Amino acid sequence: MAQEYPFKIERWLEIQNKAWSHATDDSSTITQRATAQLQGLITAVEGVRQQSVTDATELTLEKLLDQLSQNLHKQAIPLLTPQWEIPEAWLLLLSALTAGSKEQQKNTDSQINNPALINEIQAFQHYQQAFLGYIKHFETINQNTRKWARENLKINKVAPQSLEEIIHLWCNRYESNYLDEIATPAYQKSHGELCNSYMRLIGLINRLRRQEFKALGMVSQPELGPLLKEHHLLRRELERVRRELKQANEKIDAFQQTVNTSVDTACSETT
Amino acid sequence: MNGFDPHQLAEELTALNQKLTHSLETLNRLNRIDVGQTPCHELYREDKLRLYYYPPDYDSQAPHAPAKPPILIVYALVNRPYILDLQPDRSLIRSLQKQQIPIYLIDWGYPDIGDRYLDLNDYINGYLDRCVEQALSHSRTEKLNLLGVCQGGTLSLCYTAIYPDKIRNLITMVTPVDFHTDDNLLRHLTAQINIDLAVEIYGNIPGQLLNNLYRSLMPMKLGLQKQMELPERLTDADAAMNYLRMEKWIQDCPDQAGEAFREFIKVFFQDNRLLKGPFHIGQHPVDLKKITHPLLNIYGRRDHLVPPSASRALLGLCGTQFYQELELDTGHIGLFVSRKAQQVIPHKLTEWLSER
């Protein structure tokens, strides 16, 4: 039956992707995001299955787990790091800068003496180290999960009978290992270093951007800051004045009412 | 290890793909994702903030029953309040309406660059206080029942401590009080992040960044496992719409006003001031001992964002003699949308309020 598998899964997924984009706006954004990973998983599993059919070898649980753990781990990383990944264009630029500076030092034995550039290169290197340090935790988590799967699924009398079941077991164990890991000071330190080094780097990138904006006569964020603060204080003051005005109006109304009542009383007494 | 049947695997993949294809057909039949359908009207607006009024529903059970004392709901700054009215059959607001309770709901809106310098003083002593005044004036009552949700519960505790005379009863739902419990995953993840640097770099803290942070608390359950279940959830139009409404809400994280966020992290997450005793919001001292009002503290047993230990720390911190807890076997979101919560919370709230 495997040889008669009626279509190429890649083609099938491609068609689905096109179709998702025609779904209603709200739902397509959400579901496209959600299905991208599911489709990656399907492709990976189909790869193992096809390989086993082509080689006429047994499709062992171990082979499947190897492929799955690689794929699931690969998919877990983007779930955990997107907020700390610098845009690709900047990554390329900073990589080129770093490589260029190393090359210059190697060839001319001279030092770069532009402090801004040195800062940027150092910040980028620090970020790269922090990123690698952070990723290492996930390699440990993945290895531990893989080890658990080898040991437990092997000795388990009731081995998983379906792909869904394997993924379910794997994900639960991965998450449990992850939760243990994030409670450790080492993980928290790595996570903090990654976040902070990323933000420092973005700060330097913003500084470069500001120079470009300034050259084009555009207002930069630091220039806007004091204006925003002033606007905020004025807004607060305006609200205070508005309340005072309201209170004053209420007093006037109350006073006016008293006057009206007195006039009415006086009139009625006169008549 | 056991051998795995490639035929079986092929069949499973085929079935999964068939379900995915069926999901597409379902999605193509759907209209836009509609949330927050309970009729209401805007009572007050200021900057990005809106105060909505949901009149009691007299048509439901007892058409001539007198209106009950109103509730002002203070939602969190970090998400959107329509989770409380996600769809007609999963709406805490609608359920409370049916109990003839008039509801006022604060929608903080989406802060933009002009709100960068808003701080907790602006939110609590400014916006929140003015919403209370508006609700008091509109309902012609002297005191309000205040219901704080999640971070909104923390803000409500501060507000009630500062303005005790304006509040009749206080209800906190999934509210973090002790931010330093061992099982607080968010605290673990944010322990080493330099918040001053974050505000300096971003100005307002991007909602997407916070959303990613929440998701990274349970990357498998909220990521891969959920996606594996996607074809099942999109089997028919109703199920698909339920799923998409929730997804829409999850993705819908407003940016956070920089100063308010910095202050919240420092005061509560880092210094754990609710536990340590009096502190100030603006010029106003916050002393939880001033809260002598009846207090109902509702939390979810399986809450991963605000663990029960973080909420239950409220016991003994306030000056009240009338402290009560309601624990539900749900997670953080389940407390607003699960069937169990829909059945239990409105009745419990009505009963609890009627006793006071």
# chains A, B, ... in the order shown; residues from 1 in each chain; ligands from 1
>>> residues_around(residues="Asp5 of chain B", least_positions_apart="2", cutoff="9 Å", atoms="only C-alpha atoms", output="list in words")
Glu58, Leu59 and Thr60 of chain A; Gly3, His7, Gln8, Leu9 and Ala10 of chain B
>>> write_last_selection(atoms="all heavy atoms", output="PDB file, in the first residue's frame")
ATOM      1  N   GLU A  58      13.311  -1.850   7.705  1.00  0.00           N
ATOM      2  CA  GLU A  58      12.242  -1.772   8.687  1.00  0.00           C
ATOM      3  C   GLU A  58      12.119  -0.337   9.207  1.00  0.00           C
ATOM      4  O   GLU A  58      13.130   0.328   9.473  1.00  0.00           O
ATOM      5  CB  GLU A  58      12.521  -2.710   9.856  1.00  0.00           C
ATOM      6  CG  GLU A  58      11.331  -2.840  10.789  1.00  0.00           C
ATOM      7  CD  GLU A  58      11.670  -3.612  12.062  1.00  0.00           C
ATOM      8  OE1 GLU A  58      12.857  -3.782  12.357  1.00  0.00           O
ATOM      9  OE2 GLU A  58      10.726  -4.015  12.739  1.00  0.00           O
ATOM     10  N   LEU A  59      10.909   0.126   9.306  1.00  0.00           N
ATOM     11  CA  LEU A  59      10.673   1.455   9.887  1.00  0.00           C
ATOM     12  C   LEU A  59      10.542   1.271  11.397  1.00  0.00           C
ATOM     13  O   LEU A  59       9.472   0.927  11.897  1.00  0.00           O
ATOM     14  CB  LEU A  59       9.399   2.069   9.309  1.00  0.00           C
ATOM     15  CG  LEU A  59       8.987   3.424   9.861  1.00  0.00           C
ATOM     16  CD1 LEU A  59      10.091   4.449   9.695  1.00  0.00           C
ATOM     17  CD2 LEU A  59       7.730   3.924   9.187  1.00  0.00           C
ATOM     18  N   THR A  60      11.674   1.458  12.096  1.00  0.00           N
ATOM     19  CA  THR A  60      11.639   1.223  13.538  1.00  0.00           C
ATOM     20  C   THR A  60      11.150   2.470  14.256  1.00  0.00           C
ATOM     21  O   THR A  60      11.249   3.589  13.741  1.00  0.00           O
ATOM     22  CB  THR A  60      13.033   0.867  14.077  1.00  0.00           C
ATOM     23  OG1 THR A  60      13.892   1.974  13.810  1.00  0.00           O
ATOM     24  CG2 THR A  60      13.567  -0.405  13.451  1.00  0.00           C
TER      25      THR A  60
ATOM     26  N   GLY B   3       9.037  -2.415  15.707  1.00  0.00           N
ATOM     27  CA  GLY B   3       8.960  -1.993  14.326  1.00  0.00           C
ATOM     28  C   GLY B   3       7.691  -1.179  14.133  1.00  0.00           C
ATOM     29  O   GLY B   3       6.710  -1.376  14.859  1.00  0.00           O
ATOM     30  N   HIS B   7       2.850   1.312   6.406  1.00  0.00           N
ATOM     31  CA  HIS B   7       1.504   1.444   5.834  1.00  0.00           C
ATOM     32  C   HIS B   7       0.596   2.188   6.806  1.00  0.00           C
ATOM     33  O   HIS B   7      -0.160   3.068   6.430  1.00  0.00           O
ATOM     34  CB  HIS B   7       0.904   0.064   5.529  1.00  0.00           C
ATOM     35  CG  HIS B   7       1.678  -0.677   4.494  1.00  0.00           C
ATOM     36  ND1 HIS B   7       1.417  -1.982   4.172  1.00  0.00           N
ATOM     37  CD2 HIS B   7       2.713  -0.299   3.730  1.00  0.00           C
ATOM     38  CE1 HIS B   7       2.277  -2.362   3.240  1.00  0.00           C
ATOM     39  NE2 HIS B   7       3.072  -1.350   2.967  1.00  0.00           N
ATOM     40  N   GLN B   8       0.747   1.768   8.065  1.00  0.00           N
ATOM     41  CA  GLN B   8      -0.085   2.414   9.092  1.00  0.00           C
ATOM     42  C   GLN B   8       0.248   3.905   9.188  1.00  0.00           C
ATOM     43  O   GLN B   8      -0.635   4.752   9.322  1.00  0.00           O
ATOM     44  CB  GLN B   8       0.161   1.725  10.436  1.00  0.00           C
ATOM     45  CG  GLN B   8      -0.729   2.243  11.556  1.00  0.00           C
ATOM     46  CD  GLN B   8      -0.176   1.942  12.934  1.00  0.00           C
ATOM     47  OE1 GLN B   8       0.446   0.890  13.131  1.00  0.00           O
ATOM     48  NE2 GLN B   8      -0.393   2.837  13.851  1.00  0.00           N
ATOM     49  N   LEU B   9       1.550   4.174   9.096  1.00  0.00           N
ATOM     50  CA  LEU B   9       2.004   5.562   9.164  1.00  0.00           C
ATOM     51  C   LEU B   9       1.439   6.367   7.986  1.00  0.00           C
ATOM     52  O   LEU B   9       0.969   7.497   8.151  1.00  0.00           O
ATOM     53  CB  LEU B   9       3.531   5.597   9.152  1.00  0.00           C
ATOM     54  CG  LEU B   9       4.182   6.903   9.552  1.00  0.00           C
ATOM     55  CD1 LEU B   9       3.820   7.273  10.964  1.00  0.00           C
ATOM     56  CD2 LEU B   9       5.692   6.795   9.416  1.00  0.00           C
ATOM     57  N   ALA B  10       1.499   5.743   6.820  1.00  0.00           N
ATOM     58  CA  ALA B  10       0.965   6.409   5.624  1.00  0.00           C
ATOM     59  C   ALA B  10      -0.520   6.687   5.796  1.00  0.00           C
ATOM     60  O   ALA B  10      -1.015   7.771   5.455  1.00  0.00           O
ATOM     61  CB  ALA B  10       1.199   5.541   4.396  1.00  0.00           C
TER      62      ALA B  10
END
>>> residues_around(residues="Ile86 of chain A", least_positions_apart="5", cutoff="10 Å", atoms="only C-alpha atoms", output="JSON, numbers by chain")
{"A": [91, 92, 127, 198, 199, 201, 202, 205]}
>>> residues_around(residues="Glu120 of chain A", least_positions_apart="4", cutoff="12 Å", atoms="only C-alpha atoms", output="JSON, numbers by chain")
{"A": [90, 91, 93, 94, 95, 97, 98, 101, 112, 114, 115, 116, 124, 125, 126, 127, 197, 198, 200, 201, 202, 203, 204, 205, 206, 207, 208]}
>>> residues_around(residues="Gln87 of chain B", least_positions_apart="5", cutoff="8 Å", atoms="only C-alpha atoms", output="PyMOL selection string")
chain B and resi 34-37+242
>>> write_last_selection(atoms="all heavy atoms", output="PDB file, in the first residue's frame")
ATOM      1  N   ASP B  34     -16.221  36.851  15.102  1.00  0.00           N
ATOM      2  CA  ASP B  34     -16.957  37.853  15.882  1.00  0.00           C
ATOM      3  C   ASP B  34     -16.780  37.577  17.379  1.00  0.00           C
ATOM      4  O   ASP B  34     -16.951  36.458  17.838  1.00  0.00           O
ATOM      5  CB  ASP B  34     -18.445  37.831  15.520  1.00  0.00           C
ATOM      6  CG  ASP B  34     -19.002  36.415  15.496  1.00  0.00           C
ATOM      7  OD1 ASP B  34     -18.203  35.480  15.670  1.00  0.00           O
ATOM      8  OD2 ASP B  34     -20.211  36.241  15.309  1.00  0.00           O
ATOM      9  N   VAL B  35     -16.418  38.612  18.093  1.00  0.00           N
ATOM     10  CA  VAL B  35     -16.273  38.498  19.557  1.00  0.00           C
ATOM     11  C   VAL B  35     -17.027  39.660  20.198  1.00  0.00           C
ATOM     12  O   VAL B  35     -17.382  40.621  19.519  1.00  0.00           O
ATOM     13  CB  VAL B  35     -14.785  38.556  19.985  1.00  0.00           C
ATOM     14  CG1 VAL B  35     -14.046  37.300  19.582  1.00  0.00           C
ATOM     15  CG2 VAL B  35     -14.104  39.785  19.420  1.00  0.00           C
ATOM     16  N   GLY B  36     -17.255  39.560  21.495  1.00  0.00           N
ATOM     17  CA  GLY B  36     -17.891  40.670  22.215  1.00  0.00           C
ATOM     18  C   GLY B  36     -19.243  41.047  21.640  1.00  0.00           C
ATOM     19  O   GLY B  36     -19.455  42.192  21.240  1.00  0.00           O
ATOM     20  N   GLN B  37     -20.154  40.080  21.584  1.00  0.00           N
ATOM     21  CA  GLN B  37     -21.431  40.341  20.907  1.00  0.00           C
ATOM     22  C   GLN B  37     -22.546  40.859  21.818  1.00  0.00           C
ATOM     23  O   GLN B  37     -23.607  41.242  21.341  1.00  0.00           O
ATOM     24  CB  GLN B  37     -21.924  39.049  20.248  1.00  0.00           C
ATOM     25  CG  GLN B  37     -20.989  38.559  19.156  1.00  0.00           C
ATOM     26  CD  GLN B  37     -21.395  37.198  18.653  1.00  0.00           C
ATOM     27  OE1 GLN B  37     -22.487  37.023  18.142  1.00  0.00           O
ATOM     28  NE2 GLN B  37     -20.530  36.217  18.828  1.00  0.00           N
ATOM     29  N   ASN B 242     -15.320  28.712  17.426  1.00  0.00           N
ATOM     30  CA  ASN B 242     -14.912  28.718  18.842  1.00  0.00           C
ATOM     31  C   ASN B 242     -13.399  28.791  18.960  1.00  0.00           C
ATOM     32  O   ASN B 242     -12.845  29.562  19.742  1.00  0.00           O
ATOM     33  CB  ASN B 242     -15.374  27.437  19.545  1.00  0.00           C
ATOM     34  CG  ASN B 242     -16.861  27.420  19.763  1.00  0.00           C
ATOM     35  OD1 ASN B 242     -17.538  28.399  19.494  1.00  0.00           O
ATOM     36  ND2 ASN B 242     -17.372  26.297  20.248  1.00  0.00           N
TER      37      ASN B 242
END
>>> residues_around(residues="His231 of chain A", least_positions_apart="6", cutoff="10 Å", atoms="only C-alpha atoms", output="number ranges by chain")
A: 225, 237; B: 114-115, 117
>>> atom_distance(atom1="atom CA of Thr154 of chain B", atom2="atom CA of Val344 of chain B")
22.9 Å
>>> residues_around(residues="Pro278 of chain B", least_positions_apart="6", cutoff="8 Å", atoms="only C-alpha atoms", output="PyMOL selection string")
chain B and resi 285-288
>>> atom_distance(atom1="atom CA of Gln50 of chain A", atom2="atom CA of Ala15 of chain B")
16.9 Å
>>> residues_around(residues="segment 313-322 of chain B", least_positions_apart="3", cutoff="10 Å", atoms="only C-alpha atoms", output="short mmCIF file (atom, residue, chain, number, x, y, z; two decimals) with C-alpha atoms, in the first residue's frame")
data_model
loop_
_atom_site.label_atom_id
_atom_site.label_comp_id
_atom_site.auth_asym_id
_atom_site.auth_seq_id
_atom_site.Cartn_x
_atom_site.Cartn_y
_atom_site.Cartn_z
CA LEU B 157 -6.48 45.86 45.29
CA ALA B 161 -6.79 50.33 49.53
CA ASN B 169 -17.32 44.51 47.90
CA THR B 172 -10.45 39.29 42.59
CA THR B 175 -5.06 37.83 40.61
CA PRO B 176 -1.33 37.74 41.30
CA VAL B 177 -0.53 38.90 44.83
CA ASP B 178 2.68 37.07 45.77
CA PHE B 179 4.93 37.35 42.73
CA THR B 181 6.28 31.88 44.67
CA LEU B 274 1.85 43.74 48.09
CA LEU B 275 3.44 41.30 50.53
CA LYS B 276 5.98 43.64 52.03
CA GLY B 277 3.55 46.27 53.21
CA ASP B 287 -1.96 49.70 52.57
CA LEU B 288 -3.90 46.46 52.07
CA LYS B 289 -4.97 46.60 55.71
CA LYS B 290 -7.31 49.39 54.63
CA ILE B 291 -9.31 46.79 52.71
CA THR B 292 -11.92 45.84 55.26
CA HIS B 293 -14.52 45.05 52.59
CA PRO B 294 -15.91 41.58 51.98
CA LEU B 295 -13.45 39.97 49.60
CA LEU B 296 -14.01 37.02 47.29
CA ASN B 297 -10.82 35.61 45.76
CA PRO B 308 -2.97 29.39 43.01
CA SER B 309 -0.15 30.05 45.50
CA ALA B 310 0.29 33.53 44.00
CA GLU B 325 -11.98 31.81 48.32
#
>>> atom_distance(atom1="atom CA of Met173 of chain B", atom2="atom CA of Ile298 of chain B")
4.7 Å
>>> closest_residue(among="B:Gly331, B:Gly223, B:Pro307, B:Gly126", to="Arg243 of chain A", atoms="only C-alpha atoms")
B:Gly126
>>> closest_residue(among="B:Arg273, B:Lys221, B:Arg262, B:His347", to="chain A", atoms="only C-alpha atoms")
B:Lys221
>>> select_by_dssp(residues="segment 60-138 of chain B", states="helix (DSSP H, G or I)", output="VMD selection string")
chain B and resid 81 to 84 92 to 98 113 to 115 120 to 138
>>> write_last_selection(atoms="N, CA, C and O atoms", output="tab-separated table (two decimals), in the first residue's frame")
chain	number	residue	atom	x	y	z
B	81	PRO	N	-10.24	42.76	26.94
B	81	PRO	CA	-11.30	42.31	27.86
B	81	PRO	C	-12.39	41.46	27.22
B	81	PRO	O	-13.24	40.93	27.93
B	82	TYR	N	-12.39	41.32	25.88
B	82	TYR	CA	-13.50	40.56	25.27
B	82	TYR	C	-13.44	39.07	25.57
B	82	TYR	O	-14.34	38.34	25.18
B	83	ILE	N	-12.41	38.62	26.27
B	83	ILE	CA	-12.40	37.23	26.72
B	83	ILE	C	-13.58	37.01	27.69
B	83	ILE	O	-14.06	35.89	27.85
B	84	LEU	N	-14.05	38.08	28.31
B	84	LEU	CA	-15.18	37.97	29.24
B	84	LEU	C	-16.51	37.92	28.50
B	84	LEU	O	-17.56	37.75	29.11
B	92	LEU	N	-18.97	35.54	30.48
B	92	LEU	CA	-19.18	35.83	31.90
B	92	LEU	C	-20.09	37.05	32.04
B	92	LEU	O	-20.98	37.10	32.90
B	93	ILE	N	-19.88	38.02	31.15
B	93	ILE	CA	-20.68	39.25	31.20
B	93	ILE	C	-22.16	38.93	30.99
B	93	ILE	O	-23.03	39.37	31.73
B	94	ARG	N	-22.44	38.12	29.95
B	94	ARG	CA	-23.83	37.77	29.66
B	94	ARG	C	-24.44	36.99	30.83
B	94	ARG	O	-25.60	37.20	31.18
B	95	SER	N	-23.66	36.09	31.41
B	95	SER	CA	-24.18	35.30	32.54
B	95	SER	C	-24.51	36.21	33.72
B	95	SER	O	-25.52	35.99	34.40
B	96	LEU	N	-23.69	37.20	33.96
B	96	LEU	CA	-23.97	38.13	35.07
B	96	LEU	C	-25.19	39.01	34.75
B	96	LEU	O	-26.00	39.29	35.63
B	97	GLN	N	-25.27	39.39	33.50
B	97	GLN	CA	-26.45	40.18	33.06
B	97	GLN	C	-27.73	39.42	33.36
B	97	GLN	O	-28.72	40.00	33.79
B	98	LYS	N	-27.69	38.12	33.06
B	98	LYS	CA	-28.89	37.30	33.26
B	98	LYS	C	-29.26	37.19	34.72
B	98	LYS	O	-30.37	36.79	35.07
B	113	ILE	N	2.41	55.44	20.98
B	113	ILE	CA	3.62	56.18	21.38
B	113	ILE	C	3.28	57.36	22.31
B	113	ILE	O	4.05	57.70	23.20
B	114	GLY	N	2.10	57.97	22.11
B	114	GLY	CA	1.70	59.09	22.95
B	114	GLY	C	1.42	58.70	24.39
B	114	GLY	O	1.28	59.55	25.26
B	115	ASP	N	1.33	57.40	24.66
B	115	ASP	CA	1.04	56.93	26.02
B	115	ASP	C	2.27	56.38	26.73
B	115	ASP	O	2.16	55.78	27.80
B	120	LEU	N	1.50	53.99	36.65
B	120	LEU	CA	0.42	53.36	37.43
B	120	LEU	C	-0.44	54.40	38.13
B	120	LEU	O	-1.63	54.19	38.36
B	121	ASN	N	0.16	55.53	38.45
B	121	ASN	CA	-0.62	56.62	39.05
B	121	ASN	C	-1.71	57.08	38.08
B	121	ASN	O	-2.87	57.28	38.47
B	122	ASP	N	-1.34	57.21	36.80
B	122	ASP	CA	-2.34	57.61	35.80
B	122	ASP	C	-3.43	56.56	35.68
B	122	ASP	O	-4.61	56.89	35.57
B	123	TYR	N	-3.02	55.29	35.68
B	123	TYR	CA	-4.01	54.23	35.50
B	123	TYR	C	-4.93	54.08	36.72
B	123	TYR	O	-6.15	53.94	36.57
B	124	ILE	N	-4.33	54.10	37.93
B	124	ILE	CA	-5.14	53.82	39.13
B	124	ILE	C	-5.85	55.07	39.66
B	124	ILE	O	-7.07	55.08	39.84
B	125	ASN	N	-5.04	56.11	39.90
B	125	ASN	CA	-5.63	57.32	40.50
B	125	ASN	C	-6.29	58.22	39.45
B	125	ASN	O	-7.01	59.15	39.78
B	126	GLY	N	-5.97	57.94	38.18
B	126	GLY	CA	-6.57	58.72	37.11
B	126	GLY	C	-7.71	57.97	36.46
B	126	GLY	O	-8.87	58.07	36.86
B	127	TYR	N	-7.37	57.16	35.46
B	127	TYR	CA	-8.40	56.49	34.65
B	127	TYR	C	-9.38	55.67	35.51
B	127	TYR	O	-10.60	55.79	35.36
B	128	LEU	N	-8.82	54.80	36.36
B	128	LEU	CA	-9.70	53.90	37.12
B	128	LEU	C	-10.63	54.69	38.04
B	128	LEU	O	-11.83	54.42	38.13
B	129	ASP	N	-10.06	55.69	38.71
B	129	ASP	CA	-10.89	56.49	39.62
B	129	ASP	C	-12.00	57.21	38.86
B	129	ASP	O	-13.14	57.28	39.33
B	130	ARG	N	-11.68	57.71	37.69
B	130	ARG	CA	-12.72	58.43	36.93
B	130	ARG	C	-13.79	57.45	36.41
B	130	ARG	O	-14.96	57.82	36.33
B	131	CYS	N	-13.36	56.22	36.11
B	131	CYS	CA	-14.37	55.22	35.70
B	131	CYS	C	-15.28	54.89	36.88
B	131	CYS	O	-16.50	54.74	36.72
B	132	VAL	N	-14.70	54.79	38.06
B	132	VAL	CA	-15.52	54.53	39.26
B	132	VAL	C	-16.52	55.66	39.45
B	132	VAL	O	-17.71	55.42	39.67
B	133	GLU	N	-16.03	56.89	39.32
B	133	GLU	CA	-16.93	58.06	39.47
B	133	GLU	C	-18.06	58.02	38.46
B	133	GLU	O	-19.22	58.29	38.79
B	134	GLN	N	-17.70	57.68	37.22
B	134	GLN	CA	-18.71	57.62	36.16
B	134	GLN	C	-19.76	56.55	36.47
B	134	GLN	O	-20.96	56.78	36.31
B	135	ALA	N	-19.28	55.38	36.91
B	135	ALA	CA	-20.20	54.27	37.20
B	135	ALA	C	-21.08	54.61	38.40
B	135	ALA	O	-22.28	54.30	38.41
B	136	LEU	N	-20.49	55.24	39.41
B	136	LEU	CA	-21.28	55.63	40.60
B	136	LEU	C	-22.37	56.62	40.20
B	136	LEU	O	-23.53	56.48	40.62
B	137	SER	N	-21.98	57.59	39.40
B	137	SER	CA	-22.93	58.61	38.99
B	137	SER	C	-24.04	57.99	38.13
B	137	SER	O	-25.23	58.27	38.33
B	138	HIS	N	-23.65	57.14	37.19
B	138	HIS	CA	-24.63	56.53	36.28
B	138	HIS	C	-25.59	55.60	37.00
B	138	HIS	O	-26.79	55.57	36.71
>>> select_by_dssp(residues="segment 142-309 of chain B", states="strand (DSSP E or B)", output="list in words")
Leu144, Asn145, Leu146, Leu147, Gly148, Val149, Ile167, Arg168, Asn169, Leu170, Ile171, Thr172, Met173, Ile205, Gln256, Phe279, His280, Ile281, His284, Pro285, Val286, Leu295, Leu296, Asn297, Ile298, Tyr299 and Gly300 of chain B
>>> decode(residues="segment 74-90 of chain A", atoms="N, CA, C and O atoms", output="mmCIF file, in the first residue's frame")
data_model
loop_
_atom_site.group_PDB
_atom_site.id
_atom_site.type_symbol
_atom_site.label_atom_id
_atom_site.label_comp_id
_atom_site.auth_asym_id
_atom_site.auth_seq_id
_atom_site.Cartn_x
_atom_site.Cartn_y
_atom_site.Cartn_z
ATOM 1 N N LYS A 74 13.597 21.205 16.443
ATOM 2 C CA LYS A 74 13.810 22.308 15.501
ATOM 3 C C LYS A 74 12.608 23.259 15.515
ATOM 4 O O LYS A 74 12.749 24.467 15.388
ATOM 5 N N GLN A 75 11.432 22.691 15.700
ATOM 6 C CA GLN A 75 10.228 23.526 15.723
ATOM 7 C C GLN A 75 10.030 24.224 17.063
ATOM 8 O O GLN A 75 9.390 25.271 17.132
ATOM 9 N N ALA A 76 10.568 23.608 18.119
ATOM 10 C CA ALA A 76 10.400 24.217 19.448
ATOM 11 C C ALA A 76 11.223 25.494 19.562
ATOM 12 O O ALA A 76 10.786 26.465 20.182
ATOM 13 N N ILE A 77 12.409 25.499 18.948
ATOM 14 C CA ILE A 77 13.306 26.662 19.086
ATOM 15 C C ILE A 77 12.642 27.958 18.588
ATOM 16 O O ILE A 77 12.612 28.951 19.325
ATOM 17 N N PRO A 78 12.075 27.943 17.365
ATOM 18 C CA PRO A 78 11.442 29.206 16.930
ATOM 19 C C PRO A 78 10.269 29.631 17.799
ATOM 20 O O PRO A 78 9.924 30.803 17.852
ATOM 21 N N LEU A 79 9.669 28.663 18.480
ATOM 22 C CA LEU A 79 8.576 29.034 19.384
ATOM 23 C C LEU A 79 9.112 29.806 20.580
ATOM 24 O O LEU A 79 8.399 30.573 21.208
ATOM 25 N N LEU A 80 10.373 29.576 20.893
ATOM 26 C CA LEU A 80 10.932 30.142 22.122
ATOM 27 C C LEU A 80 11.853 31.330 21.889
ATOM 28 O O LEU A 80 12.223 32.003 22.837
ATOM 29 N N THR A 81 12.235 31.552 20.646
ATOM 30 C CA THR A 81 13.216 32.617 20.435
ATOM 31 C C THR A 81 12.787 33.754 19.516
ATOM 32 O O THR A 81 13.583 34.659 19.321
ATOM 33 N N PRO A 82 11.579 33.760 18.939
ATOM 34 C CA PRO A 82 11.342 34.758 17.892
ATOM 35 C C PRO A 82 11.542 36.189 18.365
ATOM 36 O O PRO A 82 11.997 37.041 17.608
ATOM 37 N N GLN A 83 11.216 36.424 19.640
ATOM 38 C CA GLN A 83 11.338 37.806 20.117
ATOM 39 C C GLN A 83 12.792 38.238 20.294
ATOM 40 O O GLN A 83 13.067 39.400 20.477
ATOM 41 N N TRP A 84 13.702 37.264 20.273
ATOM 42 C CA TRP A 84 15.113 37.594 20.495
ATOM 43 C C TRP A 84 15.968 37.342 19.253
ATOM 44 O O TRP A 84 17.173 37.183 19.343
ATOM 45 N N GLU A 85 15.336 37.273 18.107
ATOM 46 C CA GLU A 85 16.093 37.087 16.870
ATOM 47 C C GLU A 85 16.155 38.411 16.128
ATOM 48 O O GLU A 85 15.119 39.045 15.890
ATOM 49 N N ILE A 86 17.377 38.812 15.742
ATOM 50 C CA ILE A 86 17.482 40.100 15.046
ATOM 51 C C ILE A 86 17.117 39.907 13.575
ATOM 52 O O ILE A 86 17.308 38.825 13.025
ATOM 53 N N PRO A 87 16.594 40.964 12.948
ATOM 54 C CA PRO A 87 16.191 40.848 11.539
ATOM 55 C C PRO A 87 17.352 40.362 10.672
ATOM 56 O O PRO A 87 18.515 40.701 10.927
ATOM 57 N N GLU A 88 17.008 39.577 9.655
ATOM 58 C CA GLU A 88 18.035 38.913 8.857
ATOM 59 C C GLU A 88 18.995 39.916 8.201
ATOM 60 O O GLU A 88 20.203 39.682 8.149
ATOM 61 N N ALA A 89 18.442 41.037 7.730
ATOM 62 C CA ALA A 89 19.299 42.023 7.058
ATOM 63 C C ALA A 89 20.389 42.520 8.006
ATOM 64 O O ALA A 89 21.553 42.669 7.633
ATOM 65 N N TRP A 90 19.986 42.751 9.262
ATOM 66 C CA TRP A 90 20.963 43.224 10.251
ATOM 67 C C TRP A 90 21.946 42.125 10.611
ATOM 68 O O TRP A 90 23.128 42.383 10.833
#
